[in-house]
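K.L.:
Below is entry.csv; it holds CSV, C-alpha atoms.
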chain,number,residue,atom,x,y,z
U,28,MET,CA,2.8,4.8,5.9
U,29,PHE,CA,2.4,2.5,2.9
U,30,TYR,CA,5.3,0.4,3.9
U,31,SER,CA,4.7,0.4,7.7
U,32,TYR,CA,4.2,-3.4,7.4
U,33,GLU,CA,7.9,-3.6,7.1
U,34,PHE,CA,8.1,-2.7,10.8
U,35,ILE,CA,6.2,-5.9,11.7
U,36,PRO,CA,8.2,-9.1,11.9
U,37,ASN,CA,7.4,-11.6,9.1
U,38,PHE,CA,6.5,-14.3,11.6
U,39,SER,CA,5.9,-14.6,15.3
U,40,LYS,CA,8.7,-15.8,17.7
U,41,VAL,CA,6.8,-19.0,18.2
U,42,TYR,CA,6.8,-19.6,14.5
U,43,SER,CA,10.5,-18.7,14.1
U,44,ASP,CA,11.5,-21.0,17.0
U,45,GLY,CA,9.3,-23.8,15.6
U,46,GLU,CA,10.8,-23.4,12.1
U,47,SER,CA,14.4,-23.5,13.6
U,48,ARG,CA,13.6,-26.7,15.5
U,49,PHE,CA,12.0,-28.2,12.4
U,50,TYR,CA,15.0,-27.7,10.2
U,51,ASP,CA,17.3,-28.9,12.9
U,52,VAL,CA,15.4,-32.2,13.3
U,53,LYS,CA,15.0,-32.4,9.5
U,54,ASN,CA,18.8,-32.3,9.1
U,55,LYS,CA,19.3,-35.0,11.8
U,56,ASN,CA,16.6,-37.1,10.1
U,57,LYS,CA,18.4,-36.7,6.7
U,58,LYS,CA,21.7,-37.8,8.2
U,59,ALA,CA,20.0,-40.9,9.8
U,60,LEU,CA,18.3,-41.7,6.5
U,61,ASN,CA,21.6,-41.5,4.7
U,62,LYS,CA,23.2,-43.9,7.1
U,63,LEU,CA,20.2,-46.3,6.7
U,64,LYS,CA,20.5,-46.1,2.9
U,65,ALA,CA,24.2,-46.8,3.0
U,66,SER,CA,23.7,-49.9,5.2
U,67,ALA,CA,20.9,-51.1,2.9
U,68,LYS,CA,22.9,-51.0,-0.3
U,69,GLY,CA,22.8,-54.2,-2.4
U,70,THR,CA,19.5,-55.3,-0.9
U,71,LYS,CA,16.2,-55.8,-2.8
U,72,GLU,CA,14.5,-53.0,-0.8
U,73,TYR,CA,17.3,-50.6,-1.7
U,74,GLN,CA,16.9,-51.4,-5.4
U,75,GLU,CA,13.2,-50.7,-5.2
U,76,TYR,CA,13.9,-47.4,-3.4
U,77,LEU,CA,16.3,-46.4,-6.2
U,78,GLU,CA,13.7,-47.1,-8.9
U,79,VAL,CA,11.0,-45.1,-7.0
U,80,ASN,CA,13.5,-42.3,-6.3
U,81,LYS,CA,14.4,-42.1,-10.0
U,82,VAL,CA,10.7,-41.6,-10.9
U,83,TYR,CA,10.4,-39.1,-8.1
U,84,ARG,CA,13.4,-37.1,-9.4
U,85,GLU,CA,12.0,-37.1,-13.0
U,86,VAL,CA,8.6,-36.0,-11.9
U,87,SER,CA,10.2,-33.4,-9.6
U,88,ALA,CA,12.3,-32.0,-12.4
U,89,GLU,CA,9.2,-31.9,-14.7
U,90,PHE,CA,7.2,-30.1,-12.1
U,91,LYS,CA,9.9,-27.6,-11.5
U,92,GLN,CA,9.9,-26.8,-15.2
U,93,ILE,CA,6.1,-26.4,-15.2
U,94,LYS,CA,6.4,-24.0,-12.2
U,95,LYS,CA,9.1,-22.1,-14.1
U,96,GLU,CA,6.9,-21.8,-17.2
U,97,GLU,CA,4.0,-20.8,-15.0
U,98,ARG,CA,5.8,-17.8,-13.6
U,99,PHE,CA,5.0,-14.4,-14.9
U,100,PHE,CA,7.2,-11.4,-14.2
U,101,GLY,CA,8.5,-12.9,-11.0
U,102,PHE,CA,5.1,-14.1,-9.8
U,103,ASP,CA,4.2,-17.7,-9.4
U,104,SER,CA,1.3,-17.3,-11.8
U,105,PHE,CA,-0.4,-14.9,-14.1
U,106,GLN,CA,-3.3,-14.7,-11.7
U,107,LEU,CA,-1.1,-13.5,-8.9
U,108,PHE,CA,0.5,-11.0,-11.2
U,109,SER,CA,-2.9,-9.7,-12.3
U,110,THR,CA,-4.0,-9.2,-8.7
U,111,GLU,CA,-1.1,-6.8,-8.0
U,112,PHE,CA,-1.0,-5.2,-11.5
U,113,PHE,CA,-4.7,-4.4,-12.0
U,114,THR,CA,-5.2,-3.3,-8.5
U,115,THR,CA,-2.4,-0.9,-8.9
U,116,VAL,CA,-3.7,0.3,-12.3
U,117,ALA,CA,-7.1,1.0,-10.8
U,118,ILE,CA,-5.5,3.0,-7.9
U,119,PHE,CA,-3.3,4.8,-10.4
U,120,PHE,CA,-6.2,6.0,-12.6
U,121,TYR,CA,-8.2,7.0,-9.6
U,122,VAL,CA,-5.3,9.0,-8.2
U,123,PHE,CA,-4.4,10.5,-11.6
U,124,PHE,CA,-8.0,11.6,-12.3
U,125,ASN,CA,-8.3,13.3,-8.9
U,126,LEU,CA,-4.9,14.9,-9.3
U,127,VAL,CA,-5.9,16.5,-12.6
U,128,ARG,CA,-9.3,17.4,-11.2
U,129,SER,CA,-7.6,19.1,-8.2
U,130,TYR,CA,-5.9,21.5,-10.6
U,131,ARG,CA,-9.2,22.5,-12.0
U,132,VAL,CA,-11.6,22.4,-9.1
U,133,GLU,CA,-9.4,23.0,-6.1
U,134,ARG,CA,-6.6,25.1,-7.6
U,135,ASN,CA,-5.6,26.7,-4.3
U,136,ASN,CA,-5.6,23.6,-2.2
U,137,ILE,CA,-2.0,22.3,-2.4
U,138,GLY,CA,-2.7,19.7,0.4
U,139,ILE,CA,-4.9,17.7,-1.9
U,140,ARG,CA,-2.3,17.6,-4.6
U,141,ILE,CA,0.5,16.6,-2.2
U,142,ILE,CA,-1.6,13.6,-1.0
U,143,HIS,CA,-2.2,12.6,-4.6
U,144,TYR,CA,1.4,12.9,-5.5
U,145,VAL,CA,2.3,10.7,-2.6
U,146,LEU,CA,-0.2,8.1,-3.8
U,147,LEU,CA,1.1,8.5,-7.4
U,148,PHE,CA,4.6,7.8,-6.1
U,149,TYR,CA,3.3,4.7,-4.4
U,150,CYS,CA,1.7,3.5,-7.7
U,151,PHE,CA,4.9,4.0,-9.6
U,152,PHE,CA,6.9,2.2,-6.9
U,153,GLN,CA,4.4,-0.7,-7.1
U,154,PHE,CA,4.8,-0.8,-10.9
U,155,PHE,CA,8.6,-1.0,-10.6
U,156,TRP,CA,8.2,-3.7,-8.0
U,157,ILE,CA,5.7,-5.7,-10.1
U,158,PHE,CA,7.9,-5.7,-13.2
U,159,LYS,CA,11.0,-6.2,-11.1
U,160,THR,CA,12.6,-3.0,-12.6
U,161,LEU,CA,14.1,-2.4,-9.2
U,162,ALA,CA,15.7,-4.8,-6.8
U,163,ASP,CA,14.0,-5.1,-3.5
U,164,PHE,CA,15.0,-2.4,-1.1
U,165,SER,CA,16.5,-2.9,2.3
U,166,LYS,CA,14.4,-2.5,5.4
U,167,LEU,CA,16.2,0.8,6.1
U,168,MET,CA,14.9,2.2,2.8
U,169,TYR,CA,11.4,1.0,3.6
U,170,TYR,CA,11.6,2.8,6.9
U,171,LEU,CA,12.7,6.0,5.1
U,172,PHE,CA,9.9,5.7,2.6
U,173,THR,CA,7.4,5.2,5.5
U,174,LEU,CA,8.7,8.2,7.4
U,175,GLY,CA,8.8,10.3,4.2
U,176,SER,CA,5.3,9.4,3.1
U,177,THR,CA,4.0,10.0,6.6
U,178,TYR,CA,5.6,13.4,6.7
U,179,PHE,CA,4.1,14.5,3.4
U,180,VAL,CA,0.7,13.1,4.2
U,181,ALA,CA,0.7,15.0,7.5
U,182,LEU,CA,1.9,18.1,5.8
U,183,ALA,CA,-0.9,17.7,3.2
U,184,VAL,CA,-3.5,17.3,5.9
U,185,TRP,CA,-2.2,20.4,7.7
U,186,ILE,CA,-2.3,22.5,4.5
U,187,TYR,CA,-5.7,21.2,3.6
U,188,GLU,CA,-7.1,22.0,7.0
U,189,LYS,CA,-5.5,25.4,7.0
U,190,GLN,CA,-7.0,26.1,3.5
U,191,ARG,CA,-10.4,24.8,4.7
U,192,VAL,CA,-10.4,27.1,7.7
U,193,LYS,CA,-9.4,30.0,5.5
U,194,ILE,CA,-12.2,29.3,3.1
U,195,ILE,CA,-14.8,29.0,5.9
U,196,SER,CA,-13.5,32.3,7.4
U,197,LYS,CA,-13.8,34.0,4.0
U,198,LEU,CA,-17.4,32.7,3.5
U,199,LYS,CA,-18.4,33.9,7.0
U,200,GLU,CA,-16.9,37.3,6.2
U,201,ASP,CA,-18.8,37.5,2.9
U,202,ARG,CA,-22.0,36.5,4.6
U,203,VAL,CA,-21.5,39.3,7.2
U,204,LYS,CA,-20.8,41.8,4.4
U,205,LEU,CA,-23.8,40.6,2.5
U,206,SER,CA,-26.0,40.9,5.6
U,207,PHE,CA,-24.8,44.5,6.2
U,208,TYR,CA,-25.4,45.3,2.6
U,209,GLY,CA,-29.0,43.9,2.9
U,210,MET,CA,-29.5,45.9,6.1
U,211,LYS,CA,-28.2,49.1,4.5
U,212,TYR,CA,-30.7,48.9,1.6
U,213,ALA,CA,-33.6,47.3,3.5
U,214,LYS,CA,-36.8,49.2,4.0
U,215,GLU,CA,-37.2,50.9,7.3
U,216,ASP,CA,-39.7,48.4,8.6
U,217,LYS,CA,-37.4,45.5,7.7
U,218,LYS,CA,-34.2,47.0,9.2
U,219,GLU,CA,-34.8,45.7,12.7
U,220,SER,CA,-35.2,42.2,11.5
U,221,MET,CA,-32.1,42.6,9.3
U,222,ILE,CA,-30.2,43.6,12.4
U,223,ASP,CA,-31.1,40.3,14.0
U,224,VAL,CA,-30.0,38.5,10.9
U,225,VAL,CA,-26.6,40.3,11.0
U,226,LYS,CA,-26.1,39.3,14.6
U,227,LYS,CA,-26.9,35.7,13.9
U,228,VAL,CA,-24.6,35.6,10.9
U,229,ALA,CA,-21.8,37.2,13.0
U,230,LYS,CA,-22.2,34.6,15.7
U,231,SER,CA,-22.3,31.6,13.4
What's the structure tokens form of this structure?

P.N.:
Amino acid sequence: MFYSYEFIPNFSKVYSDGESRFYDVKNKNKKALNKLKASAKGTKEYQEYLEVNKVYREVSAEFKQIKKEERFFGFDSFQLFSTEFFTTVAIFFYVFFNLVRSYRVERNNIGIRIIHYVLLFYCFFQFFWIFKTLADFSKLMYYLFTLGSTYFVALAVWIYEKQRVKIISKLKEDRVKLSFYGMKYAKEDKKESMIDVVKKVAKS
């Protein structure tokens, strides 16, 4: 479910068609420009163009180097890296804390732990992706991850709900037992009211 966005096309058909047409026209324009430059060789205007183009190439190379130095772990800047990294760190600590807590507070609820293990896996995957430890996966792998995580989350919800119903049933059973116990040891003048209490508890 975390990677379900991979099922969505990167761009709309209108965008893709427009992009294809743009590059087609761009290539034609480049060819026409090359012909124009070839025919203009030796002219004053062409010489001016060469001088401007030389400056352009120098500035372009300089800017490419700046962009290269600005990159941080595959991201275009440290800020973009920080956005992904610190968000994942925050999620990781939240998930880890609740996972540890689930072993102490909700020991019998496996569903909660499964959900947190799925989230923990997601965090580790994000860390690998951020630091480029892993090459990007194919779409098929993303589909499998999505199906796998969806299955485990659904399983966790089912287990959690089953456990919740079990706990509620146990609480109701204990309440009924407690009511019977109270009725058994109640004074004679209180027994009738205790019977009503037992009936209400049994129906609830």

K.L.:
Rounded to one decimal in Å, what is the spacing between atom CA of Gln153 of chain U and atom CA of Tyr42 of chain U?

P.N.:
28.8 Å

K.L.:
With distances taken over only C-alpha atoms, which of U:Ile141, U:Phe154, U:Lys94, U:Asn136 is nearest to Val192 of chain U?

P.N.:
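Ranked by minimum distance to Val192 of chain U, first place goes to U:Asn136.
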
K.L.:
So the first atom is atom CA of Val184 of chain U and the second is atom CA of Tyr169 of chain U; what is the distance between them in Å, to one decimal place?

P.N.:
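We find that atom CA of Val184 of chain U and atom CA of Tyr169 of chain U lie 22.2 Å from each other.
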
K.L.:
Given all atoms listed in the file, how would the per-residue table for segment 64-165 of chain U near segment 54-60 of chain U read, listing every residue at most 12 Å away with its closest atom pair and distance in Å to one decimal, sorted by chain and number, as JSON lines?

P.N.:
{"residue": "U:Lys64", "atom": "CA", "partner": "U:Leu60", "partner_atom": "CA", "distance": 6.1}
{"residue": "U:Ala65", "atom": "CA", "partner": "U:Leu60", "partner_atom": "CA", "distance": 8.5}
{"residue": "U:Ser66", "atom": "CA", "partner": "U:Leu60", "partner_atom": "CA", "distance": 9.9}
{"residue": "U:Ala67", "atom": "CA", "partner": "U:Leu60", "partner_atom": "CA", "distance": 10.4}

K.L.:
Write the residues you've just listed into a file as a compact mmCIF listing (two decimals), in the frame of the given file, and include C-alpha atoms for each of them.

P.N.:
# COMPACT_ATOMS: atom_id res chain seq x y z
CA LYS U 64 20.50 -46.10 2.90
CA ALA U 65 24.20 -46.80 3.00
CA SER U 66 23.70 -49.90 5.20
CA ALA U 67 20.90 -51.10 2.90

K.L.:
In the coordinates of the file, take the point (-3.0, 20.0, -5.4) and a cut-off of 12 Å; then, counting only C-alpha atoms, name each qualifying protein, DNA or RNA residue as number ranges by chain.

P.N.:
U: 122-145, 183-184, 186-187, 190

K.L.:
I'd like the interatomic distance between atom CA of Ser104 of chain U and atom CA of Ser165 of chain U, to a tenth of an Å.

P.N.:
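Computing the Euclidean distance for atom CA of Ser104 of chain U and atom CA of Ser165 of chain U yields 25.2 Å.
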
K.L.:
Kindly indicate which residue among U:Leu167, U:Ser176, U:Glu111, U:Tyr50 lies nearest to Phe99 of chain U, using only C-alpha atoms for the distances.

P.N.:
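Counting only C-alpha atoms, the residue closest to Phe99 of chain U is U:Glu111.
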